[in-house]
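Participant: What follows is target.json, JSON, C-alpha atoms.
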```
[["chain", "number", "residue", "atom", "x", "y", "z"],
["A", 394, "MET", "CA", -0.19, -39.00, 59.34],
["A", 395, "LEU", "CA", 2.58, -36.90, 60.84],
["A", 396, "CYS", "CA", 3.51, -37.59, 64.45],
["A", 397, "VAL", "CA", 3.32, -34.50, 66.61],
["A", 398, "ALA", "CA", 5.40, -36.06, 69.35],
["A", 399, "ALA", "CA", 8.16, -37.70, 67.33],
["A", 400, "ALA", "CA", 9.75, -39.39, 70.31],
["A", 401, "MET", "CA", 6.46, -41.11, 71.10],
["A", 402, "GLY", "CA", 5.58, -42.10, 67.53],
["A", 403, "CYS", "CA", 2.01, -42.42, 66.26],
["A", 404, "ALA", "CA", -0.25, -44.06, 68.81],
["A", 405, "THR", "CA", -1.54, -47.44, 67.76],
["A", 406, "PRO", "CA", -5.34, -47.78, 68.13],
["A", 407, "GLN", "CA", -6.45, -49.88, 71.07],
["A", 408, "TYR", "CA", -7.60, -53.46, 70.65],
["A", 409, "ALA", "CA", -11.31, -53.91, 69.99],
["A", 410, "LEU", "CA", -13.63, -56.59, 68.70],
["A", 411, "ARG", "CA", -14.65, -55.40, 65.25],
["A", 412, "PRO", "CA", -18.21, -55.67, 63.95],
["A", 413, "ALA", "CA", -18.82, -57.37, 60.61],
["A", 414, "PRO", "CA", -18.65, -54.81, 57.78],
["A", 415, "GLN", "CA", -21.89, -53.76, 56.12],
["A", 416, "PRO", "CA", -20.90, -52.96, 52.53],
["A", 417, "VAL", "CA", -22.74, -50.22, 50.66],
["A", 418, "GLU", "CA", -23.22, -50.97, 46.96],
["A", 419, "THR", "CA", -25.20, -47.99, 45.71],
["A", 420, "PRO", "CA", -24.46, -46.76, 42.16],
["A", 421, "ASP", "CA", -22.45, -43.84, 43.52],
["A", 422, "VAL", "CA", -20.27, -46.05, 45.72],
["A", 423, "LEU", "CA", -19.68, -48.58, 42.95],
["A", 424, "GLN", "CA", -18.65, -45.74, 40.65],
["A", 425, "ILE", "CA", -16.10, -44.55, 43.22],
["A", 426, "GLU", "CA", -14.76, -48.12, 43.55],
["A", 427, "ARG", "CA", -14.36, -48.44, 39.78],
["A", 428, "ALA", "CA", -12.64, -45.07, 39.47],
["A", 429, "ILE", "CA", -10.14, -45.75, 42.27],
["A", 430, "SER", "CA", -9.47, -49.26, 40.95],
["A", 431, "ALA", "CA", -8.80, -47.94, 37.44],
["A", 432, "GLN", "CA", -6.08, -45.67, 38.83],
["A", 433, "GLN", "CA", -4.44, -48.49, 40.77],
["A", 434, "ALA", "CA", -4.74, -51.07, 37.98],
["A", 435, "ALA", "CA", -2.90, -48.75, 35.62],
["A", 436, "ASP", "CA", 0.02, -48.59, 38.06],
["A", 437, "PHE", "CA", 0.16, -52.38, 38.37],
["A", 438, "ALA", "CA", -0.05, -52.78, 34.59],
["A", 439, "ARG", "CA", 3.18, -50.80, 34.33],
["A", 440, "GLN", "CA", 4.73, -53.46, 36.57],
["A", 441, "GLY", "CA", 3.77, -56.23, 34.18],
["A", 442, "ALA", "CA", 0.70, -57.42, 36.07],
["A", 443, "ARG", "CA", -1.31, -60.21, 34.49],
["A", 444, "PRO", "CA", -4.41, -62.16, 35.59],
["A", 445, "LEU", "CA", -3.85, -65.68, 36.87],
["A", 446, "ARG", "CA", -5.80, -68.48, 35.25],
["A", 447, "GLU", "CA", -7.91, -70.92, 37.21],
["A", 448, "GLY", "CA", -5.74, -73.92, 37.99],
["A", 449, "GLU", "CA", -2.50, -72.02, 37.35],
["A", 450, "ILE", "CA", 0.18, -73.04, 39.87],
["A", 451, "LEU", "CA", 3.12, -70.77, 40.73],
["A", 452, "TRP", "CA", 5.82, -71.61, 43.30],
["A", 453, "GLY", "CA", 3.59, -74.47, 44.39],
["A", 454, "PHE", "CA", 0.57, -72.20, 45.05],
["A", 455, "GLU", "CA", -2.74, -71.81, 43.24],
["A", 456, "PRO", "CA", -3.58, -68.17, 44.07],
["A", 457, "GLN", "CA", -6.86, -67.93, 42.16],
["A", 458, "ALA", "CA", -8.29, -71.01, 43.88],
["A", 459, "VAL", "CA", -7.29, -69.73, 47.33],
["A", 460, "LEU", "CA", -8.78, -66.32, 46.53],
["A", 461, "GLU", "CA", -12.11, -67.78, 45.40],
["A", 462, "ARG", "CA", -12.34, -70.03, 48.45],
["A", 463, "LEU", "CA", -11.87, -67.03, 50.73],
["A", 464, "ALA", "CA", -14.11, -64.71, 48.72],
["A", 465, "ARG", "CA", -17.10, -67.00, 49.23],
["A", 466, "VAL", "CA", -17.05, -66.40, 53.00],
["A", 467, "THR", "CA", -16.66, -62.60, 52.89],
["A", 468, "GLU", "CA", -19.45, -60.04, 53.19],
["A", 469, "ARG", "CA", -19.16, -59.36, 49.44],
["A", 470, "PRO", "CA", -19.14, -62.77, 47.75],
["A", 471, "GLY", "CA", -20.67, -61.40, 44.56],
["A", 472, "LEU", "CA", -17.68, -59.32, 43.43],
["A", 473, "PRO", "CA", -15.72, -60.64, 40.42],
["A", 474, "TYR", "CA", -12.59, -61.59, 42.36],
["A", 475, "GLN", "CA", -9.47, -62.07, 40.26],
["A", 476, "ALA", "CA", -5.88, -62.73, 41.33],
["A", 477, "TYR", "CA", -3.07, -60.96, 39.47],
["A", 478, "LEU", "CA", 0.68, -61.51, 39.50],
["A", 479, "TYR", "CA", 3.06, -58.58, 39.11],
["A", 480, "GLN", "CA", 6.84, -58.31, 39.00],
["A", 481, "GLY", "CA", 8.39, -57.19, 42.27],
["A", 482, "LYS", "CA", 11.20, -58.59, 44.39],
["A", 483, "ASP", "CA", 9.69, -57.43, 47.69],
["A", 484, "PRO", "CA", 6.99, -59.60, 49.32],
["A", 485, "ASN", "CA", 3.89, -57.48, 48.75],
["A", 486, "ALA", "CA", 0.20, -57.85, 48.01],
["A", 487, "ALA", "CA", -2.63, -55.37, 47.43],
["A", 488, "SER", "CA", -6.34, -55.45, 46.80],
["A", 489, "LEU", "CA", -8.42, -53.13, 44.66],
["A", 490, "ALA", "CA", -11.86, -51.90, 45.61],
["A", 491, "ASP", "CA", -13.48, -53.81, 42.74],
["A", 492, "GLY", "CA", -12.28, -57.33, 43.67],
["A", 493, "ARG", "CA", -8.88, -57.53, 41.98],
["A", 494, "VAL", "CA", -6.05, -58.77, 44.20],
["A", 495, "TYR", "CA", -2.39, -58.38, 43.24],
["A", 496, "VAL", "CA", 0.47, -60.54, 44.53],
["A", 497, "SER", "CA", 4.13, -59.87, 43.78],
["A", 498, "THR", "CA", 6.51, -62.49, 42.49],
["A", 499, "GLY", "CA", 8.57, -61.70, 45.59],
["A", 500, "MET", "CA", 5.68, -62.63, 47.88],
["A", 501, "LEU", "CA", 5.14, -66.03, 46.27],
["A", 502, "ALA", "CA", 8.87, -66.75, 46.31],
["A", 503, "TYR", "CA", 9.09, -65.70, 49.97],
["A", 504, "LEU", "CA", 6.14, -67.89, 51.01],
["A", 505, "ALA", "CA", 7.46, -70.83, 48.99],
["A", 506, "GLY", "CA", 10.78, -70.54, 50.82],
["A", 507, "ARG", "CA", 8.99, -70.89, 54.15],
["A", 508, "SER", "CA", 7.41, -74.21, 53.06],
["A", 509, "ARG", "CA", 4.31, -73.76, 55.21],
["A", 510, "GLY", "CA", 1.70, -74.67, 52.58],
["A", 511, "PRO", "CA", -1.27, -72.58, 51.38],
["A", 512, "ASP", "CA", -2.37, -71.30, 54.81],
["A", 513, "GLU", "CA", 0.10, -68.40, 54.86],
["A", 514, "LEU", "CA", -0.85, -67.34, 51.33],
["A", 515, "ALA", "CA", -4.47, -67.52, 52.45],
["A", 516, "SER", "CA", -3.70, -65.25, 55.40],
["A", 517, "VAL", "CA", -2.15, -62.67, 53.06],
["A", 518, "LEU", "CA", -5.09, -62.77, 50.66],
["A", 519, "ALA", "CA", -7.67, -62.74, 53.49],
["A", 520, "HIS", "CA", -6.15, -59.55, 54.88],
["A", 521, "GLU", "CA", -6.32, -57.92, 51.45],
["A", 522, "LEU", "CA", -9.90, -59.06, 50.89],
["A", 523, "ALA", "CA", -10.84, -57.45, 54.20],
["A", 524, "HIS", "CA", -9.78, -54.05, 52.86],
["A", 525, "THR", "CA", -12.15, -54.58, 49.93],
["A", 526, "THR", "CA", -15.12, -55.85, 51.93],
["A", 527, "ALA", "CA", -14.74, -53.07, 54.52],
["A", 528, "GLN", "CA", -14.50, -50.52, 51.65],
["A", 529, "HIS", "CA", -11.56, -48.74, 53.24],
["A", 530, "LEU", "CA", -10.58, -46.78, 50.12],
["A", 531, "VAL", "CA", -14.16, -45.66, 49.53],
["A", 532, "LYS", "CA", -14.36, -44.40, 53.11],
["A", 533, "ARG", "CA", -11.12, -42.47, 52.68],
["A", 534, "TYR", "CA", -12.42, -40.92, 49.46],
["A", 535, "GLN", "CA", -15.67, -39.88, 51.13],
["A", 536, "THR", "CA", -13.80, -38.35, 54.07],
["A", 537, "LEU", "CA", -11.53, -36.30, 51.83],
["A", 538, "GLN", "CA", -14.48, -35.32, 49.67],
["A", 539, "GLN", "CA", -16.36, -34.03, 52.71],
["A", 540, "GLN", "CA", -13.31, -32.01, 53.72],
["A", 541, "GLN", "CA", -13.20, -30.44, 50.26],
["A", 542, "VAL", "CA", -16.88, -29.59, 50.39],
["A", 543, "LEU", "CA", -16.49, -27.94, 53.79],
["A", 544, "LEU", "CA", -13.52, -25.96, 52.51],
["A", 545, "SER", "CA", -15.49, -24.80, 49.48],
["A", 546, "LEU", "CA", -18.37, -23.70, 51.71],
["A", 547, "VAL", "CA", -15.98, -21.70, 53.87],
["A", 548, "ASN", "CA", -14.50, -20.06, 50.77],
["A", 549, "ALA", "CA", -17.95, -19.36, 49.42],
["A", 550, "GLY", "CA", -18.92, -17.70, 52.70],
["A", 551, "ILE", "CA", -15.82, -15.52, 52.62],
["A", 552, "SER", "CA", -16.53, -14.59, 49.00],
["A", 553, "ALA", "CA", -20.14, -13.72, 49.80],
["A", 554, "ALA", "CA", -19.02, -11.56, 52.70],
["A", 555, "THR", "CA", -16.71, -9.66, 50.37],
["A", 556, "ARG", "CA", -19.31, -9.66, 47.57],
["A", 557, "SER", "CA", -16.96, -11.46, 45.20],
["A", 558, "ALA", "CA", -19.24, -13.57, 43.03],
["A", 559, "GLY", "CA", -16.37, -14.33, 40.70],
["A", 560, "ALA", "CA", -14.36, -15.85, 43.52],
["A", 561, "THR", "CA", -17.36, -18.00, 44.54],
["A", 562, "ALA", "CA", -17.74, -19.39, 41.04],
["A", 563, "GLN", "CA", -14.02, -20.02, 40.90],
["A", 564, "GLY", "CA", -14.17, -21.96, 44.16],
["A", 565, "VAL", "CA", -16.98, -24.20, 42.90],
["A", 566, "GLY", "CA", -15.12, -24.82, 39.68],
["A", 567, "GLN", "CA", -11.96, -25.69, 41.57],
["A", 568, "LEU", "CA", -13.88, -28.26, 43.60],
["A", 569, "ALA", "CA", -14.91, -30.03, 40.39],
["A", 570, "LEU", "CA", -11.36, -29.91, 39.04],
["A", 571, "ASN", "CA", -10.06, -31.47, 42.26],
["A", 572, "ALA", "CA", -12.15, -34.65, 41.80],
["A", 573, "ALA", "CA", -9.55, -36.33, 39.56],
["A", 574, "ALA", "CA", -6.72, -35.33, 41.89],
["A", 575, "LEU", "CA", -8.70, -36.68, 44.84],
["A", 576, "LEU", "CA", -9.07, -40.06, 43.14],
["A", 577, "ARG", "CA", -5.33, -40.17, 42.52],
["A", 578, "ASP", "CA", -4.58, -39.29, 46.13],
["A", 579, "VAL", "CA", -6.82, -42.08, 47.43],
["A", 580, "ALA", "CA", -5.45, -44.61, 44.95],
["A", 581, "ASN", "CA", -1.89, -43.85, 46.02],
["A", 582, "SER", "CA", -2.53, -43.58, 49.74],
["A", 583, "GLY", "CA", -1.97, -46.24, 52.33],
["A", 584, "TYR", "CA", -4.42, -47.45, 54.93],
["A", 585, "SER", "CA", -4.66, -46.04, 58.43],
["A", 586, "GLN", "CA", -3.48, -48.03, 61.43],
["A", 587, "ASP", "CA", -7.08, -48.61, 62.46],
["A", 588, "GLN", "CA", -7.95, -49.98, 59.01],
["A", 589, "GLU", "CA", -4.95, -52.31, 59.06],
["A", 590, "LEU", "CA", -6.01, -53.70, 62.44],
["A", 591, "GLU", "CA", -9.57, -54.12, 61.22],
["A", 592, "ALA", "CA", -8.33, -55.97, 58.13],
["A", 593, "ASP", "CA", -6.21, -58.24, 60.34],
["A", 594, "GLN", "CA", -9.19, -59.28, 62.42],
["A", 595, "LEU", "CA", -11.60, -59.63, 59.51],
["A", 596, "GLY", "CA", -9.01, -61.63, 57.61],
["A", 597, "LEU", "CA", -8.67, -64.02, 60.54],
["A", 598, "ARG", "CA", -12.43, -64.62, 60.47],
["A", 599, "TYR", "CA", -12.30, -65.39, 56.76],
["A", 600, "LEU", "CA", -9.51, -67.92, 57.36],
["A", 601, "LEU", "CA", -11.62, -69.67, 59.97],
["A", 602, "ARG", "CA", -14.76, -69.71, 57.84],
["A", 603, "ALA", "CA", -12.85, -71.01, 54.80],
["A", 604, "GLY", "CA", -11.19, -73.78, 56.79],
["A", 605, "TYR", "CA", -7.61, -72.44, 56.85],
["A", 606, "ASP", "CA", -5.37, -72.40, 59.91],
["A", 607, "PRO", "CA", -5.73, -68.92, 61.49],
["A", 608, "ARG", "CA", -2.41, -69.25, 63.29],
["A", 609, "ALA", "CA", -0.69, -68.96, 59.91],
["A", 610, "ALA", "CA", -1.36, -65.23, 60.17],
["A", 611, "LEU", "CA", 0.46, -65.13, 63.51],
["A", 612, "THR", "CA", 3.56, -66.95, 62.28],
["A", 613, "LEU", "CA", 3.70, -64.73, 59.22],
["A", 614, "LEU", "CA", 3.45, -61.52, 61.25],
["A", 615, "GLU", "CA", 6.18, -62.81, 63.54],
["A", 616, "ASP", "CA", 8.50, -63.15, 60.56],
["A", 617, "PHE", "CA", 7.41, -59.82, 59.02],
["A", 618, "ALA", "CA", 8.87, -58.05, 62.06],
["A", 619, "ARG", "CA", 12.38, -58.49, 60.68],
["A", 620, "PHE", "CA", 11.54, -56.31, 57.67],
["A", 621, "GLU", "CA", 10.55, -53.32, 59.82],
["A", 622, "THR", "CA", 12.50, -50.21, 60.67],
["A", 623, "PRO", "CA", 12.85, -49.60, 64.42],
["A", 624, "TRP", "CA", 11.92, -45.92, 64.04],
["A", 625, "PRO", "CA", 8.23, -44.98, 64.44],
["A", 626, "PHE", "CA", 8.50, -41.66, 62.55],
["A", 627, "LEU", "CA", 5.79, -41.13, 59.95],
["A", 628, "ARG", "CA", 4.46, -44.65, 60.35],
["A", 629, "THR", "CA", 0.93, -45.35, 59.16],
["A", 630, "HIS", "CA", 0.94, -49.07, 60.01],
["A", 631, "PRO", "CA", 1.12, -50.71, 63.42],
["A", 632, "TYR", "CA", 4.21, -52.79, 64.06],
["A", 633, "SER", "CA", 3.88, -56.49, 63.27],
["A", 634, "ALA", "CA", 4.43, -57.39, 66.93],
["A", 635, "GLN", "CA", 1.45, -55.25, 67.95],
["A", 636, "ARG", "CA", -0.72, -56.67, 65.17],
["A", 637, "ARG", "CA", 0.21, -60.20, 66.22],
["A", 638, "ALA", "CA", -0.57, -59.47, 69.87],
["A", 639, "TYR", "CA", -4.02, -58.15, 68.93],
["A", 640, "LEU", "CA", -4.78, -61.23, 66.83],
["A", 641, "GLU", "CA", -3.70, -63.50, 69.67],
["A", 642, "GLN", "CA", -6.03, -61.60, 71.99],
["A", 643, "TYR", "CA", -8.85, -62.01, 69.49],
["A", 644, "LEU", "CA", -8.27, -65.76, 69.32],
["A", 645, "ARG", "CA", -8.23, -65.99, 73.11],
["A", 646, "GLU", "CA", -11.38, -63.92, 73.59],
["A", 647, "THR", "CA", -13.40, -65.68, 70.93],
["A", 648, "GLY", "CA", -11.96, -69.12, 71.55],
["A", 649, "ALA", "CA", -11.46, -69.47, 67.80],
["A", 650, "SER", "CA", -8.94, -72.01, 66.59],
["A", 651, "ALA", "CA", -8.19, -74.09, 63.56],
["A", 652, "GLY", "CA", -10.93, -76.60, 62.93],
["A", 653, "SER", "CA", -13.39, -75.21, 65.49],
["A", 654, "GLY", "CA", -16.93, -75.38, 64.19],
["A", 655, "ALA", "CA", -19.33, -72.48, 63.83],
["A", 656, "GLN", "CA", -21.63, -73.69, 66.61],
["A", 657, "GLU", "CA", -18.73, -74.00, 69.03],
["A", 658, "ARG", "CA", -17.57, -70.46, 68.23],
["A", 659, "ILE", "CA", -21.11, -69.13, 68.66],
["A", 660, "ALA", "CA", -21.32, -70.73, 72.10],
["A", 661, "GLN", "CA", -17.95, -69.27, 73.04],
["A", 662, "LEU", "CA", -18.99, -65.80, 71.86],
["A", 663, "ARG", "CA", -22.20, -66.01, 73.89],
["A", 664, "ARG", "CA", -20.21, -66.89, 77.04],
["A", 665, "ILE", "CA", -17.97, -63.88, 76.50],
["A", 666, "GLN", "CA", -20.99, -61.69, 75.78],
["A", 667, "GLN", "CA", -22.44, -62.46, 79.22],
["A", 668, "SER", "CA", -19.56, -60.57, 80.86],
["A", 669, "TYR", "CA", -20.66, -57.29, 79.24],
["A", 670, "PRO", "CA", -23.78, -55.19, 80.02],
["A", 671, "PRO", "CA", -26.55, -55.94, 77.47],
["A", 672, "GLY", "CA", -26.60, -53.26, 74.81],
["A", 673, "SER", "CA", -23.06, -52.01, 75.50],
["A", 674, "VAL", "CA", -20.65, -51.45, 72.62],
["A", 675, "SER", "CA", -18.73, -54.67, 73.28],
["A", 676, "TRP", "CA", -21.99, -56.61, 73.71],
["A", 677, "GLN", "CA", -23.27, -55.29, 70.37],
["A", 678, "ASN", "CA", -19.98, -56.10, 68.62],
["A", 679, "LEU", "CA", -20.16, -59.67, 69.86],
["A", 680, "GLN", "CA", -23.81, -59.91, 68.82],
["A", 681, "ARG", "CA", -22.92, -58.92, 65.26],
["A", 682, "GLN", "CA", -20.29, -61.66, 65.15],
["A", 683, "ILE", "CA", -22.80, -64.20, 66.46],
["A", 684, "GLU", "CA", -25.35, -63.17, 63.85],
["A", 685, "ALA", "CA", -22.74, -63.36, 61.10],
["A", 686, "LEU", "CA", -21.90, -66.96, 62.08],
["A", 687, "GLU", "CA", -25.56, -67.93, 62.37],
["A", 688, "ASN", "CA", -26.43, -66.66, 58.88]]
```
Kindly present the structure from the file in structure tokens form.
Facilitator:
Amino acid sequence: MLCVAAAMGCATPQYALRPAPQPVETPDVLQIERAISAQQAADFARQGARPLREGEILWGFEPQAVLERLARVTERPGLPYQAYLYQGKDPNAASLADGRVYVSTGMLAYLAGRSRGPDELASVLAHELAHTTAQHLVKRYQTLQQQQVLLSLVNAGISAATRSAGATAQGVGQLALNAAALLRDVANSGYSQDQELEADQLGLRYLLRAGYDPRAALTLLEDFARFETPWPFLRTHPYSAQRRAYLEQYLRETGASAGSGAQERIAQLRRIQQSYPPGSVSWQNLQRQIEALEN
């Protein structure tokens, strides 16, 4: 998104307790996920991506085992999750809408050099899984699709007003032709700042549920800050320092920490919930988290 006030940069969304995602798995949505994933997988294949075998160890890590451990505690445990390795010197990772998760050789080498164990790899994979479980790419596709439909309706209205049936038919045909281009746009697009912050918080919950140290995400974000440009122009992601501050606030508010049990976290959430009016947005968000832990 372009920044209107360049000197101010793009405003980072405010901190908020995020509700647990409620995935939609209708045939139409699953078809969108498969189509977007096919576009992205083709790009990774050109970078030499290959699936990682169960038990395969690289740079001291077992990515597929970590991925499966995390996947079991997400809101979509039934997806066929598969870790892939692709060639890239930069430390990167990405998830597809259908359950595939890609990690660069540069990421594994970078994490191995930090010698912090599997918790930091888990924090990277948990963040990526959150994008899949929250269906961020599907939501972007649906938003752009709605915009196209509205535009076609406007054009159809203009054509009807000018009695140009041919132009109306052309507009409808163009909408169909744009479907493939729309899929490509979504597959190549990044996530919004709000989606990144949501994935951070959801990923932290997955770390806790799977028994990993959630503070690994904080130490990793602290180090990521050195890779960032100081200029906010055209940014679509919050700065690492802001993301870290929000995660620290989440840990403080929920009382979550490494090794804390589910019942303890539920009790802590209920204490926090008492400070909000029953039925308010924050109260409802906390209630969803409580229910997720109780189930």
Participant: Pick out the closest residue to A:Gln682 from this set: A:Ser633, A:Thr612, A:Gln594, A:Ser582. Count only C-alpha atoms.
Facilitator: A:Gln594
Participant: Within 10 Å of A:Trp676, counting all atoms listed in the file, which residues show up once you throw out same-chain ones fewer than 5 positions away? Write them as a list in words, please.
Facilitator: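 Residues near the query, excluding close chain neighbours: Leu410, Leu662, Arg663, Ile665, Gln666, Gln667, Ser668, Tyr669, Pro670, Pro671 and Arg681 of chain A.
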Participant: Between A:Arg577, A:Thr419, A:Ser497, A:Leu472, which one has atoms that come closest to A:Leu537, using only C-alpha atoms?
Facilitator: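 Closest to A:Leu537 of all the choices is A:Arg577.
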Participant: Which value, in Å to one decimal, gives the distance between atom CA of A:Ile425 and atom CA of A:Gln538?
Facilitator: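 Between atom CA of A:Ile425 and atom CA of A:Gln538 the gap works out to 11.4 Å.
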Participant: Please list as a compact mmCIF listing (two decimals) with C-alpha atoms, in the coordinates of the input every residue within 12 Å of A:Leu460, counting all atoms listed in the file and excluding residues in the same chain fewer than 3 positions away.
Facilitator:
```txt
# COMPACT_ATOMS: atom_id res chain seq x y z
CA LEU A 445 -3.85 -65.68 36.87
CA ARG A 446 -5.80 -68.48 35.25
CA GLU A 447 -7.91 -70.92 37.21
CA GLY A 448 -5.74 -73.92 37.99
CA PHE A 454 0.57 -72.20 45.05
CA GLU A 455 -2.74 -71.81 43.24
CA PRO A 456 -3.58 -68.17 44.07
CA GLN A 457 -6.86 -67.93 42.16
CA LEU A 463 -11.87 -67.03 50.73
CA ALA A 464 -14.11 -64.71 48.72
CA ARG A 465 -17.10 -67.00 49.23
CA VAL A 466 -17.05 -66.40 53.00
CA THR A 467 -16.66 -62.60 52.89
CA PRO A 470 -19.14 -62.77 47.75
CA LEU A 472 -17.68 -59.32 43.43
CA PRO A 473 -15.72 -60.64 40.42
CA TYR A 474 -12.59 -61.59 42.36
CA GLN A 475 -9.47 -62.07 40.26
CA ALA A 476 -5.88 -62.73 41.33
CA TYR A 477 -3.07 -60.96 39.47
CA SER A 488 -6.34 -55.45 46.80
CA GLY A 492 -12.28 -57.33 43.67
CA ARG A 493 -8.88 -57.53 41.98
CA VAL A 494 -6.05 -58.77 44.20
CA TYR A 495 -2.39 -58.38 43.24
CA VAL A 496 0.47 -60.54 44.53
CA PRO A 511 -1.27 -72.58 51.38
CA ASP A 512 -2.37 -71.30 54.81
CA LEU A 514 -0.85 -67.34 51.33
CA ALA A 515 -4.47 -67.52 52.45
CA SER A 516 -3.70 -65.25 55.40
CA VAL A 517 -2.15 -62.67 53.06
CA LEU A 518 -5.09 -62.77 50.66
CA ALA A 519 -7.67 -62.74 53.49
CA HIS A 520 -6.15 -59.55 54.88
CA GLU A 521 -6.32 -57.92 51.45
CA LEU A 522 -9.90 -59.06 50.89
CA ALA A 523 -10.84 -57.45 54.20
CA TYR A 599 -12.30 -65.39 56.76
CA LEU A 600 -9.51 -67.92 57.36
CA ALA A 603 -12.85 -71.01 54.80
```
Participant: Counting all atoms listed in the file, figure out which residue out of A:Arg411, A:Arg439, A:Tyr605, A:Val459 gets nearest to A:Thr647.
Facilitator: A:Arg411
Participant: Do you know which residues are at most 8 Å from stretch 430-432 of chain A counting only C-alpha atoms, after dropping those on the same chain fewer than 5 positions away, and could you put them as a PyMOL selection string?
Facilitator: chain A and resi 489-491+576-577+580
Participant: Taking all atoms listed in the file into account, which of A:Gly672, A:Leu501, A:Gln680, A:Leu530 comes nearest A:Glu513?
Facilitator: A:Leu501
Participant: Which one is closest to A:Asp606: A:Ala527, A:Leu644, A:Ala486, A:Ala634? Count all atoms listed in the file.
Facilitator: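 Among A:Ala527, A:Leu644, A:Ala486, A:Ala634, it is A:Leu644 that comes nearest to A:Asp606.
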Participant: So, counting only C-alpha atoms, which residue among A:Ala592, A:Leu597, A:Ala438, A:Leu614 is closest to A:His529?
Facilitator: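 For A:His529, the nearest of the given residues is A:Ala592.
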Participant: Can you work out the spacing between atom CA of A:Pro416 and atom CA of A:His524 in Å, to one decimal?
Facilitator: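 One can read the atom CA of A:Pro416 to atom CA of A:His524 distance as 11.2 Å.
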Participant: In Å, how far is it from atom CA of A:Leu590 to atom CA of A:Gln535?
Facilitator: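 Distance reported for this atom pair: 20.3 Å.
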